[in-house]
file work_1.txt (compact mmCIF, C-alpha atoms)
# COMPACT_ATOMS: atom_id res chain seq x y z
CA MET A 28 -95.05 -159.47 100.04
CA PHE A 29 -95.16 -158.57 96.38
CA ARG A 30 -98.21 -158.40 94.17
CA LYS A 31 -97.03 -157.41 90.72
CA MET A 32 -94.13 -158.88 88.80
CA THR A 33 -92.15 -157.24 86.03
CA LEU A 34 -89.22 -158.52 83.96
CA THR A 35 -86.61 -156.32 82.31
CA VAL A 36 -83.58 -157.28 80.26
CA SER A 37 -80.53 -154.99 80.52
CA PHE A 38 -82.68 -152.08 81.70
CA ILE A 39 -86.20 -151.87 83.18
CA LEU A 40 -88.94 -151.78 80.55
CA SER A 41 -92.46 -150.48 81.09
CA LEU A 42 -95.56 -152.63 80.61
CA PHE A 43 -98.10 -152.30 77.81
CA ALA A 44 -101.80 -153.20 77.72
CA LEU A 45 -102.79 -156.63 76.50
CA VAL A 46 -103.54 -157.01 72.79
CA ALA A 47 -106.87 -158.73 72.05
CA THR A 48 -106.47 -162.41 71.22
CA VAL A 49 -107.97 -164.08 68.19
CA PRO A 50 -111.23 -165.87 69.02
CA ALA A 51 -110.93 -169.63 69.39
CA ASN A 52 -113.25 -170.23 66.44
CA ALA A 53 -110.74 -168.51 64.16
CA ASP A 54 -108.24 -171.34 64.66
CA SER A 55 -109.62 -173.29 61.72
CA HIS A 56 -108.67 -170.44 59.41
CA LEU A 57 -105.06 -170.46 60.60
CA THR A 58 -104.08 -173.95 59.50
CA LYS A 59 -102.04 -172.65 56.55
CA ALA A 60 -100.39 -169.99 58.67
CA LYS A 61 -99.29 -172.59 61.20
CA ALA A 62 -98.08 -174.87 58.41
CA LEU A 63 -95.93 -172.05 57.03
CA ILE A 64 -94.36 -171.52 60.45
CA SER A 65 -93.53 -175.21 60.78
CA LYS A 66 -92.05 -175.27 57.27
CA THR A 67 -90.00 -172.09 57.79
CA PHE A 68 -88.46 -173.33 61.03
CA LYS A 69 -88.18 -176.93 59.83
CA ASN A 70 -90.58 -178.11 62.50
CA ASP A 71 -88.14 -177.00 65.20
CA VAL A 72 -90.56 -174.64 66.99
CA VAL A 73 -93.71 -174.96 69.06
CA ILE A 74 -96.53 -172.43 68.69
CA LYS A 75 -97.37 -171.21 72.20
CA THR A 76 -100.23 -168.83 71.38
CA HIS A 77 -101.49 -166.40 68.76
CA PHE A 78 -103.12 -162.99 68.75
CA LYS A 79 -104.76 -160.54 66.35
CA SER A 80 -102.36 -158.03 64.83
CA ILE A 81 -102.87 -155.23 62.31
CA ASP A 82 -104.90 -155.69 59.12
CA ASN A 83 -104.81 -159.34 58.04
CA LEU A 84 -101.78 -160.32 60.12
CA VAL A 85 -101.77 -162.73 63.03
CA GLY A 86 -98.96 -162.76 65.58
CA PHE A 87 -97.62 -166.10 66.79
CA VAL A 88 -95.48 -166.69 69.85
CA VAL A 89 -93.11 -169.56 69.11
CA SER A 90 -90.46 -171.32 71.16
CA ARG A 91 -87.66 -173.67 70.25
CA ARG A 92 -88.31 -177.32 71.03
CA SER A 93 -84.87 -177.55 72.64
CA ASN A 94 -85.52 -174.61 74.98
CA PRO A 95 -89.19 -173.75 75.66
CA ASP A 96 -88.20 -170.64 77.62
CA GLN A 97 -86.66 -169.00 74.53
CA MET A 98 -89.58 -167.42 72.73
CA ALA A 99 -90.01 -165.08 69.78
CA ILE A 100 -92.83 -163.48 67.79
CA VAL A 101 -93.50 -163.98 64.07
CA TYR A 102 -96.33 -162.61 61.94
CA VAL A 103 -98.25 -164.50 59.24
CA ASP A 104 -101.12 -163.37 57.03
CA HIS A 105 -104.45 -165.17 57.48
CA LYS A 106 -104.01 -167.17 54.28
CA GLY A 107 -100.59 -168.45 55.29
CA ARG A 108 -98.78 -167.00 52.29
CA TYR A 109 -96.27 -164.71 53.98
CA LEU A 110 -94.26 -164.87 57.20
CA MET A 111 -92.43 -161.91 58.73
CA ILE A 112 -89.70 -161.95 61.37
CA GLY A 113 -88.47 -158.69 62.88
CA SER A 114 -89.90 -155.30 63.77
CA LEU A 115 -93.46 -154.57 62.71
CA VAL A 116 -94.03 -150.79 62.82
CA ASP A 117 -97.40 -149.07 62.34
CA HIS A 118 -98.18 -145.73 60.63
CA ALA A 119 -97.65 -143.86 63.92
CA GLY A 120 -94.15 -145.26 64.32
CA THR A 121 -95.08 -147.64 67.14
CA ASN A 122 -92.92 -150.76 67.22
CA LEU A 123 -95.67 -153.37 67.52
CA THR A 124 -93.21 -156.23 67.78
CA GLN A 125 -91.61 -154.68 70.83
CA LYS A 126 -95.02 -154.02 72.35
CA ASN A 127 -96.17 -157.57 71.72
CA GLN A 128 -92.88 -158.93 73.03
CA LEU A 129 -93.51 -157.24 76.35
CA THR A 130 -97.05 -158.57 76.56
CA TYR A 131 -96.74 -162.10 75.26
CA VAL A 132 -93.12 -163.06 75.91
CA ASN A 133 -91.58 -161.07 78.77
CA ASN A 134 -94.57 -161.06 81.11
CA PRO A 135 -95.40 -164.79 80.87
CA ILE A 136 -91.82 -165.85 81.68
CA ALA A 137 -91.40 -163.29 84.47
CA ALA A 138 -92.63 -165.61 87.20
CA LYS A 139 -90.39 -168.42 85.98
CA ALA A 140 -87.36 -166.13 85.71
CA ILE A 141 -87.84 -164.67 89.20
CA ALA A 142 -88.24 -168.12 90.74
CA ALA A 143 -85.17 -169.41 88.91
CA ALA A 144 -83.12 -166.33 89.85
CA ASP A 145 -83.72 -167.02 93.52
CA LYS A 146 -82.12 -170.46 93.08
CA THR A 147 -78.91 -169.10 91.56
CA HIS A 148 -75.77 -168.31 93.57
CA TRP A 149 -76.35 -164.66 94.48
CA PHE A 150 -75.13 -162.34 97.22
CA LEU A 151 -77.01 -159.45 98.76
CA GLU A 152 -76.12 -155.77 98.87
CA GLY A 153 -78.38 -153.38 100.77
CA LYS A 154 -80.97 -153.60 103.56
CA LYS A 155 -82.91 -156.86 103.65
CA ASP A 156 -86.19 -155.00 104.11
CA ALA A 157 -85.58 -152.41 101.37
CA LYS A 158 -88.75 -151.33 99.56
CA HIS A 159 -87.33 -152.17 96.12
CA GLN A 160 -85.62 -155.52 95.55
CA PHE A 161 -83.72 -156.52 92.43
CA TYR A 162 -81.96 -159.52 90.95
CA ILE A 163 -79.18 -158.33 88.64
CA VAL A 164 -76.90 -160.53 86.54
CA VAL A 165 -73.45 -158.97 86.25
CA GLU A 166 -70.03 -159.73 84.80
CA PRO A 167 -66.82 -158.51 86.52
CA ASN A 168 -65.51 -156.93 83.29
CA CYS A 169 -68.82 -155.49 82.09
CA SER A 170 -68.73 -151.70 81.59
CA ALA A 171 -72.53 -151.46 81.29
CA CYS A 172 -72.81 -153.29 84.62
CA HIS A 173 -70.42 -150.76 86.13
CA TYR A 174 -72.50 -147.88 84.78
CA LEU A 175 -75.65 -149.40 86.28
CA TYR A 176 -73.88 -150.06 89.58
CA LYS A 177 -72.79 -146.43 89.91
CA HIS A 178 -76.33 -145.17 89.37
CA LEU A 179 -77.90 -147.70 91.75
CA LYS A 180 -75.35 -147.22 94.54
CA PRO A 181 -76.94 -144.10 96.10
CA TYR A 182 -80.28 -145.91 96.38
CA ILE A 183 -78.62 -148.98 97.88
CA ASP A 184 -76.79 -146.76 100.38
CA ASN A 185 -79.93 -144.87 101.45
CA GLY A 186 -81.74 -148.14 102.14
CA SER A 187 -84.44 -147.89 99.48
CA VAL A 188 -83.00 -150.60 97.22
CA ASN A 189 -81.33 -153.94 97.74
CA VAL A 190 -79.76 -156.08 95.03
CA ARG A 191 -79.14 -159.78 94.76
CA TRP A 192 -76.10 -159.83 92.50
CA ILE A 193 -75.80 -162.90 90.24
CA MET A 194 -72.22 -163.26 89.01
CA VAL A 195 -71.41 -164.72 85.58
CA ALA A 196 -68.22 -164.80 83.51
CA PHE A 197 -67.83 -164.76 79.73
CA LEU A 198 -66.45 -161.43 78.47
CA LYS A 199 -62.68 -161.84 78.91
CA PRO A 200 -60.16 -164.62 79.60
CA ASP A 201 -59.72 -163.41 83.19
CA SER A 202 -63.46 -162.98 83.82
CA ILE A 203 -63.92 -166.35 85.52
CA ALA A 204 -60.91 -165.78 87.79
CA LYS A 205 -62.27 -162.36 88.78
CA ALA A 206 -65.73 -163.81 89.33
CA ALA A 207 -64.16 -166.54 91.47
CA ALA A 208 -62.29 -163.93 93.52
CA ILE A 209 -65.63 -162.32 94.30
CA MET A 210 -67.54 -165.55 94.89
CA ASP A 211 -64.83 -167.03 97.16
CA ALA A 212 -64.35 -163.88 99.24
CA SER A 213 -65.37 -164.01 102.90
CA ASP A 214 -67.41 -160.89 102.16
CA GLN A 215 -68.68 -161.21 98.59
CA THR A 216 -70.40 -157.82 98.63
CA LYS A 217 -67.20 -156.10 99.73
CA ALA A 218 -65.23 -157.90 97.01
CA PHE A 219 -67.74 -156.82 94.37
CA LYS A 220 -67.55 -153.23 95.62
CA LEU A 221 -63.77 -153.42 95.16
CA ASP A 222 -64.19 -154.66 91.59
CA GLU A 223 -66.51 -151.74 90.84
CA SER A 224 -64.61 -149.03 92.73
CA LYS A 225 -61.44 -149.80 90.77
CA PHE A 226 -63.19 -150.47 87.46
CA ASN A 227 -61.20 -149.21 84.44
CA MET A 228 -63.63 -147.92 81.83
CA ALA A 229 -60.85 -147.32 79.30
CA THR A 230 -59.99 -151.01 79.19
CA GLU A 231 -63.40 -152.23 80.35
CA SER A 232 -61.79 -154.22 83.14
CA GLY A 233 -62.96 -154.90 86.67
CA GLY A 234 -60.62 -153.79 89.42
CA ILE A 235 -60.46 -156.94 91.53
CA LYS A 236 -57.35 -159.11 91.34
CA PRO A 237 -58.14 -162.42 89.61
CA ALA A 238 -58.05 -165.55 91.74
CA LYS A 239 -54.87 -167.60 91.29
CA SER A 240 -56.97 -170.71 90.77
CA VAL A 241 -60.64 -171.53 90.39
CA SER A 242 -61.98 -174.52 92.29
CA LYS A 243 -64.41 -176.95 90.68
CA ALA A 244 -67.08 -175.96 93.20
CA THR A 245 -66.76 -172.25 92.47
CA LYS A 246 -66.66 -172.83 88.71
CA ALA A 247 -69.84 -174.90 89.01
CA LYS A 248 -71.60 -172.04 90.82
CA ILE A 249 -70.59 -169.53 88.14
CA LEU A 250 -71.65 -171.91 85.37
CA LYS A 251 -75.02 -172.46 87.06
CA ASN A 252 -75.56 -168.70 87.04
CA LEU A 253 -74.57 -168.59 83.37
CA SER A 254 -76.95 -171.46 82.64
CA PHE A 255 -79.78 -169.44 84.18
CA MET A 256 -78.86 -166.53 81.92
CA ASN A 257 -78.81 -168.71 78.81
CA LYS A 258 -82.00 -170.59 79.67
CA PHE A 259 -84.10 -167.45 79.47
CA GLY A 260 -82.37 -166.12 76.36
CA PHE A 261 -80.54 -163.28 78.12
CA ASN A 262 -77.61 -162.56 75.84
CA ALA A 263 -75.98 -159.54 77.47
CA THR A 264 -75.30 -158.07 80.88
CA PRO A 265 -76.55 -156.43 83.00
CA ILE A 266 -79.87 -158.22 83.26
CA VAL A 267 -82.31 -156.66 85.72
CA LEU A 268 -85.29 -158.47 87.21
CA PHE A 269 -87.47 -156.98 89.88
CA LYS A 270 -90.70 -157.27 91.82
CA SER A 271 -92.67 -154.22 92.80
CA ASN A 272 -95.56 -153.36 95.09
CA SER A 273 -97.19 -151.01 92.59
call {"tool": "encode", "arguments": {"input": "work_1.txt", "output": "structure tokens"}}
result
Amino acid sequence: MFRKMTLTVSFILSLFALVATVPANADSHLTKAKALISKTFKNDVVIKTHFKSIDNLVGFVVSRRSNPDQMAIVYVDHKGRYLMIGSLVDHAGTNLTQKNQLTYVNNPIAAKAIAAADKTHWFLEGKKDAKHQFYIVVEPNCSACHYLYKHLKPYIDNGSVNVRWIMVAFLKPDSIAKAAAIMDASDQTKAFKLDESKFNMATESGGIKPAKSVSKATKAKILKNLSFMNKFGFNATPIVLFKSNS
């Protein structure tokens, strides 16, 4: 049903063109660069791929051995003397690190993230056959989630968008009880609407009444959703993932 996949974290990001990769025969000249990476990270990272960057720099996509889905980009000069972590900006003001992140990190994990999102404990709001379909990770006390919800609601109501809400809890002591109140409701979508309709922006608190107790089964569902969030390195809510036809 869908042909093109895009991943966005917190808000939808646009795609960039692929950056040319370094020819395979250049690998022999990168031995020192790779050695510097291993030394810097105390051999705790795996080099996934590399690509040609500006001037004499080569970009490397690395991941932690403990979590292959958490990836980052570092830059090393061809002689392996210097390593840079952070934003690489060119003379025109273009953030090359951000651009490369979209190409080499976000896009490759998009398929994995979408597949994993479908296996979380989500509930649907909107028409099943809506043209635009989203997975969105939310927290019951998240003000940014509330802001996003308000702006998406008209599109959900007119049938052009549906959302699979993935509930997590971590912001406040009562977050898990509020998440449980939503997850355990006979109509989860209605309960989430209540949380958002009575959201207090001044205190950044969801409007639903916390559950008096949280069962082991419900807690396990919420923790599974949180595990999905952590696995892909998503460190804030809302997290938006979507598939599009364009």
call {"tool": "closest_residue", "arguments": {"input": "work_1.txt", "among": "A:Leu268, A:His178, A:Ile141, A:Asn168", "to": "Phe219 of chain A", "atoms": "all atoms listed in the file"}}
result
A:Asn168
call {"tool": "closest_atom_pairs", "arguments": {"input": "work_1.txt", "of": "segment 138-215 of chain A", "to": "segment 239-259 of chain A", "cutoff": "9 Å", "atoms": "all atoms listed in the file", "output": "tab-separated table"}}
result
residue	atom	partner	partner_atom	distance
A:Ala140	CA	A:Phe259	CA	7.2
A:Ala143	CA	A:Phe255	CA	7.2
A:Ala144	CA	A:Phe255	CA	7.3
A:Thr147	CA	A:Asn252	CA	5.6
A:His148	CA	A:Lys248	CA	6.2
A:Trp149	CA	A:Asn252	CA	8.5
A:Val164	CA	A:Met256	CA	7.8
A:Ile193	CA	A:Asn252	CA	6.6
A:Met194	CA	A:Ile249	CA	6.5
A:Val195	CA	A:Leu253	CA	5.5
A:Ala196	CA	A:Ile249	CA	7.0
A:Phe197	CA	A:Leu253	CA	8.6
A:Ile203	CA	A:Lys246	CA	7.7
A:Ala204	CA	A:Val241	CA	6.3
A:Ala206	CA	A:Ile249	CA	7.6
A:Ala207	CA	A:Val241	CA	6.2
A:Ala208	CA	A:Val241	CA	8.4
A:Met210	CA	A:Thr245	CA	7.2
A:Asp211	CA	A:Thr245	CA	7.3
call {"tool": "write_last_selection", "arguments": {"input": "work_1.txt", "atoms": "C-alpha atoms", "output": "compact mmCIF listing (two decimals), keeping the file's coordinate frame"}}
result
# COMPACT_ATOMS: atom_id res chain seq x y z
CA ALA A 140 -87.36 -166.13 85.71
CA ALA A 143 -85.17 -169.41 88.91
CA ALA A 144 -83.12 -166.33 89.85
CA THR A 147 -78.91 -169.10 91.56
CA HIS A 148 -75.77 -168.31 93.57
CA TRP A 149 -76.35 -164.66 94.48
CA VAL A 164 -76.90 -160.53 86.54
CA ILE A 193 -75.80 -162.90 90.24
CA MET A 194 -72.22 -163.26 89.01
CA VAL A 195 -71.41 -164.72 85.58
CA ALA A 196 -68.22 -164.80 83.51
CA PHE A 197 -67.83 -164.76 79.73
CA ILE A 203 -63.92 -166.35 85.52
CA ALA A 204 -60.91 -165.78 87.79
CA ALA A 206 -65.73 -163.81 89.33
CA ALA A 207 -64.16 -166.54 91.47
CA ALA A 208 -62.29 -163.93 93.52
CA MET A 210 -67.54 -165.55 94.89
CA ASP A 211 -64.83 -167.03 97.16
call {"tool": "closest_residue", "arguments": {"input": "work_1.txt", "among": "A:Pro200, A:Arg91, A:His77, A:Pro167", "to": "Ile235 of chain A", "atoms": "only C-alpha atoms"}}
result
A:Pro167
call {"tool": "atom_distance", "arguments": {"input": "work_1.txt", "atom1": "atom CA of Ala119 of chain A", "atom2": "atom CA of Leu57 of chain A"}}
result
27.8 Å
call {"tool": "residues_around", "arguments": {"input": "work_1.txt", "residues": "Tyr182 of chain A", "least_positions_apart": "5", "cutoff": "10 Å", "atoms": "all atoms listed in the file", "output": "VMD selection string"}}
result
chain A and resid 153 157 159 177 187 to 189
call {"tool": "axis_aligned_box", "arguments": {"input": "work_1.txt", "around": "segment 174-179 of chain A", "padding_each_side": "8 Å", "output": "lines of an AutoDock Vina configuration file"}}
result
center_x = -75.2
center_y = -147.6
center_z = 88.3
size_x = 21.4
size_y = 20.9
size_z = 23.0
call {"tool": "residues_around", "arguments": {"input": "work_1.txt", "residues": "Tyr131 of chain A", "least_positions_apart": "6", "cutoff": "10 Å", "atoms": "only C-alpha atoms", "output": "PyMOL selection string"}}
result
chain A and resi 45-46+75-78+86-88+98-100
call {"tool": "atom_distance", "arguments": {"input": "work_1.txt", "atom1": "atom CA of Val132 of chain A", "atom2": "atom CA of Pro95 of chain A"}}
result
11.4 Å
call {"tool": "closest_residue", "arguments": {"input": "work_1.txt", "among": "A:Gly186, A:Gly234, A:Gly120, A:Gly107", "to": "Gln160 of chain A", "atoms": "all atoms listed in the file"}}
result
A:Gly186
call {"tool": "closest_residue", "arguments": {"input": "work_1.txt", "among": "A:Lys139, A:His173, A:Lys180, A:Lys79", "to": "Lys225 of chain A", "atoms": "only C-alpha atoms"}}
result
A:His173
call {"tool": "closest_residue", "arguments": {"input": "work_1.txt", "among": "A:Leu151, A:Ile183, A:Cys172, A:Leu129", "to": "Asp214 of chain A", "atoms": "all atoms listed in the file"}}
result
A:Leu151
call {"tool": "closest_residue", "arguments": {"input": "work_1.txt", "among": "A:Ser202, A:Ser170, A:Gln128, A:Ser114", "to": "Gln97 of chain A", "atoms": "all atoms listed in the file"}}
result
A:Gln128
call {"tool": "atom_distance", "arguments": {"input": "work_1.txt", "atom1": "atom CA of His118 of chain A", "atom2": "atom CA of Ile64 of chain A"}}
result
26.1 Å
call {"tool": "build_atoms", "arguments": {"input": "work_1.txt", "residues": "segment 60-71 of chain A", "atoms": "all heavy atoms", "output": "PDB file, in the coordinates of the input"}}
result
ATOM      1  N   ALA A  60    -101.371-170.849  58.004  1.00  0.00           N
ATOM      2  CA  ALA A  60    -100.390-169.990  58.670  1.00  0.00           C
ATOM      3  C   ALA A  60     -99.480-170.815  59.570  1.00  0.00           C
ATOM      4  O   ALA A  60     -98.263-170.649  59.574  1.00  0.00           O
ATOM      5  CB  ALA A  60    -101.100-168.914  59.489  1.00  0.00           C
ATOM      6  N   LYS A  61    -100.078-171.735  60.312  1.00  0.00           N
ATOM      7  CA  LYS A  61     -99.290-172.590  61.200  1.00  0.00           C
ATOM      8  C   LYS A  61     -98.390-173.524  60.404  1.00  0.00           C
ATOM      9  O   LYS A  61     -97.254-173.811  60.803  1.00  0.00           O
ATOM     10  CB  LYS A  61    -100.227-173.388  62.110  1.00  0.00           C
ATOM     11  CG  LYS A  61    -100.983-172.525  63.117  1.00  0.00           C
ATOM     12  CD  LYS A  61    -101.946-173.348  63.952  1.00  0.00           C
ATOM     13  CE  LYS A  61    -102.682-172.485  64.963  1.00  0.00           C
ATOM     14  NZ  LYS A  61    -103.645-173.257  65.779  1.00  0.00           N
ATOM     15  N   ALA A  62     -98.876-173.977  59.260  1.00  0.00           N
ATOM     16  CA  ALA A  62     -98.080-174.870  58.410  1.00  0.00           C
ATOM     17  C   ALA A  62     -96.856-174.121  57.875  1.00  0.00           C
ATOM     18  O   ALA A  62     -95.757-174.688  57.784  1.00  0.00           O
ATOM     19  CB  ALA A  62     -98.930-175.391  57.249  1.00  0.00           C
ATOM     20  N   LEU A  63     -97.042-172.850  57.522  1.00  0.00           N
ATOM     21  CA  LEU A  63     -95.930-172.050  57.030  1.00  0.00           C
ATOM     22  C   LEU A  63     -94.863-171.860  58.109  1.00  0.00           C
ATOM     23  O   LEU A  63     -93.665-171.905  57.828  1.00  0.00           O
ATOM     24  CB  LEU A  63     -96.431-170.689  56.538  1.00  0.00           C
ATOM     25  CG  LEU A  63     -95.363-169.729  55.988  1.00  0.00           C
ATOM     26  CD1 LEU A  63     -94.620-170.365  54.813  1.00  0.00           C
ATOM     27  CD2 LEU A  63     -95.994-168.405  55.560  1.00  0.00           C
ATOM     28  N   ILE A  64     -95.305-171.656  59.337  1.00  0.00           N
ATOM     29  CA  ILE A  64     -94.360-171.520  60.450  1.00  0.00           C
ATOM     30  C   ILE A  64     -93.547-172.790  60.613  1.00  0.00           C
ATOM     31  O   ILE A  64     -92.314-172.763  60.739  1.00  0.00           O
ATOM     32  CB  ILE A  64     -95.104-171.175  61.756  1.00  0.00           C
ATOM     33  CG1 ILE A  64     -95.713-169.778  61.669  1.00  0.00           C
ATOM     34  CG2 ILE A  64     -94.160-171.257  62.955  1.00  0.00           C
ATOM     35  CD1 ILE A  64     -96.619-169.421  62.839  1.00  0.00           C
ATOM     36  N   SER A  65     -94.215-173.928  60.624  1.00  0.00           N
ATOM     37  CA  SER A  65     -93.530-175.210  60.780  1.00  0.00           C
ATOM     38  C   SER A  65     -92.535-175.440  59.646  1.00  0.00           C
ATOM     39  O   SER A  65     -91.409-175.891  59.869  1.00  0.00           O
ATOM     40  CB  SER A  65     -94.550-176.361  60.809  1.00  0.00           C
ATOM     41  OG  SER A  65     -95.369-176.267  61.956  1.00  0.00           O
ATOM     42  N   LYS A  66     -92.938-175.089  58.429  1.00  0.00           N
ATOM     43  CA  LYS A  66     -92.050-175.270  57.270  1.00  0.00           C
ATOM     44  C   LYS A  66     -90.853-174.345  57.360  1.00  0.00           C
ATOM     45  O   LYS A  66     -89.711-174.765  57.102  1.00  0.00           O
ATOM     46  CB  LYS A  66     -92.837-174.991  55.984  1.00  0.00           C
ATOM     47  CG  LYS A  66     -92.007-175.156  54.720  1.00  0.00           C
ATOM     48  CD  LYS A  66     -92.842-174.877  53.479  1.00  0.00           C
ATOM     49  CE  LYS A  66     -92.014-175.014  52.214  1.00  0.00           C
ATOM     50  NZ  LYS A  66     -92.827-174.729  50.993  1.00  0.00           N
ATOM     51  N   THR A  67     -91.081-173.080  57.729  1.00  0.00           N
ATOM     52  CA  THR A  67     -90.000-172.090  57.790  1.00  0.00           C
ATOM     53  C   THR A  67     -88.937-172.490  58.814  1.00  0.00           C
ATOM     54  O   THR A  67     -87.734-172.367  58.571  1.00  0.00           O
ATOM     55  CB  THR A  67     -90.561-170.715  58.147  1.00  0.00           C
ATOM     56  OG1 THR A  67     -91.530-170.335  57.161  1.00  0.00           O
ATOM     57  CG2 THR A  67     -89.456-169.666  58.199  1.00  0.00           C
ATOM     58  N   PHE A  68     -89.391-172.978  59.956  1.00  0.00           N
ATOM     59  CA  PHE A  68     -88.460-173.330  61.030  1.00  0.00           C
ATOM     60  C   PHE A  68     -88.160-174.829  61.066  1.00  0.00           C
ATOM     61  O   PHE A  68     -87.629-175.331  62.055  1.00  0.00           O
ATOM     62  CB  PHE A  68     -89.021-172.876  62.377  1.00  0.00           C
ATOM     63  CG  PHE A  68     -89.116-171.385  62.512  1.00  0.00           C
ATOM     64  CD1 PHE A  68     -90.329-170.729  62.304  1.00  0.00           C
ATOM     65  CD2 PHE A  68     -88.002-170.624  62.817  1.00  0.00           C
ATOM     66  CE1 PHE A  68     -90.420-169.350  62.412  1.00  0.00           C
ATOM     67  CE2 PHE A  68     -88.084-169.249  62.930  1.00  0.00           C
ATOM     68  CZ  PHE A  68     -89.295-168.602  62.726  1.00  0.00           C
ATOM     69  N   LYS A  69     -88.488-175.511  59.974  1.00  0.00           N
ATOM     70  CA  LYS A  69     -88.180-176.930  59.830  1.00  0.00           C
ATOM     71  C   LYS A  69     -88.696-177.755  61.008  1.00  0.00           C
ATOM     72  O   LYS A  69     -88.008-178.627  61.536  1.00  0.00           O
ATOM     73  CB  LYS A  69     -86.668-177.121  59.638  1.00  0.00           C
ATOM     74  CG  LYS A  69     -86.139-176.425  58.387  1.00  0.00           C
ATOM     75  CD  LYS A  69     -84.650-176.626  58.217  1.00  0.00           C
ATOM     76  CE  LYS A  69     -84.156-175.931  56.950  1.00  0.00           C
ATOM     77  NZ  LYS A  69     -82.691-176.081  56.756  1.00  0.00           N
ATOM     78  N   ASN A  70     -89.888-177.400  61.427  1.00  0.00           N
ATOM     79  CA  ASN A  70     -90.580-178.110  62.500  1.00  0.00           C
ATOM     80  C   ASN A  70     -89.806-178.105  63.820  1.00  0.00           C
ATOM     81  O   ASN A  70     -89.942-179.013  64.642  1.00  0.00           O
ATOM     82  CB  ASN A  70     -90.890-179.557  62.081  1.00  0.00           C
ATOM     83  CG  ASN A  70     -92.051-180.148  62.860  1.00  0.00           C
ATOM     84  OD1 ASN A  70     -92.986-179.445  63.208  1.00  0.00           O
ATOM     85  ND2 ASN A  70     -91.988-181.448  63.130  1.00  0.00           N
ATOM     86  N   ASP A  71     -88.980-177.082  63.999  1.00  0.00           N
ATOM     87  CA  ASP A  71     -88.140-177.000  65.200  1.00  0.00           C
ATOM     88  C   ASP A  71     -88.709-176.037  66.239  1.00  0.00           C
ATOM     89  O   ASP A  71     -88.046-175.704  67.216  1.00  0.00           O
ATOM     90  CB  ASP A  71     -86.719-176.552  64.823  1.00  0.00           C
ATOM     91  CG  ASP A  71     -85.749-176.682  65.984  1.00  0.00           C
ATOM     92  OD1 ASP A  71     -85.854-177.671  66.738  1.00  0.00           O
ATOM     93  OD2 ASP A  71     -84.898-175.790  66.159  1.00  0.00           O
TER      94      ASP A  71
END
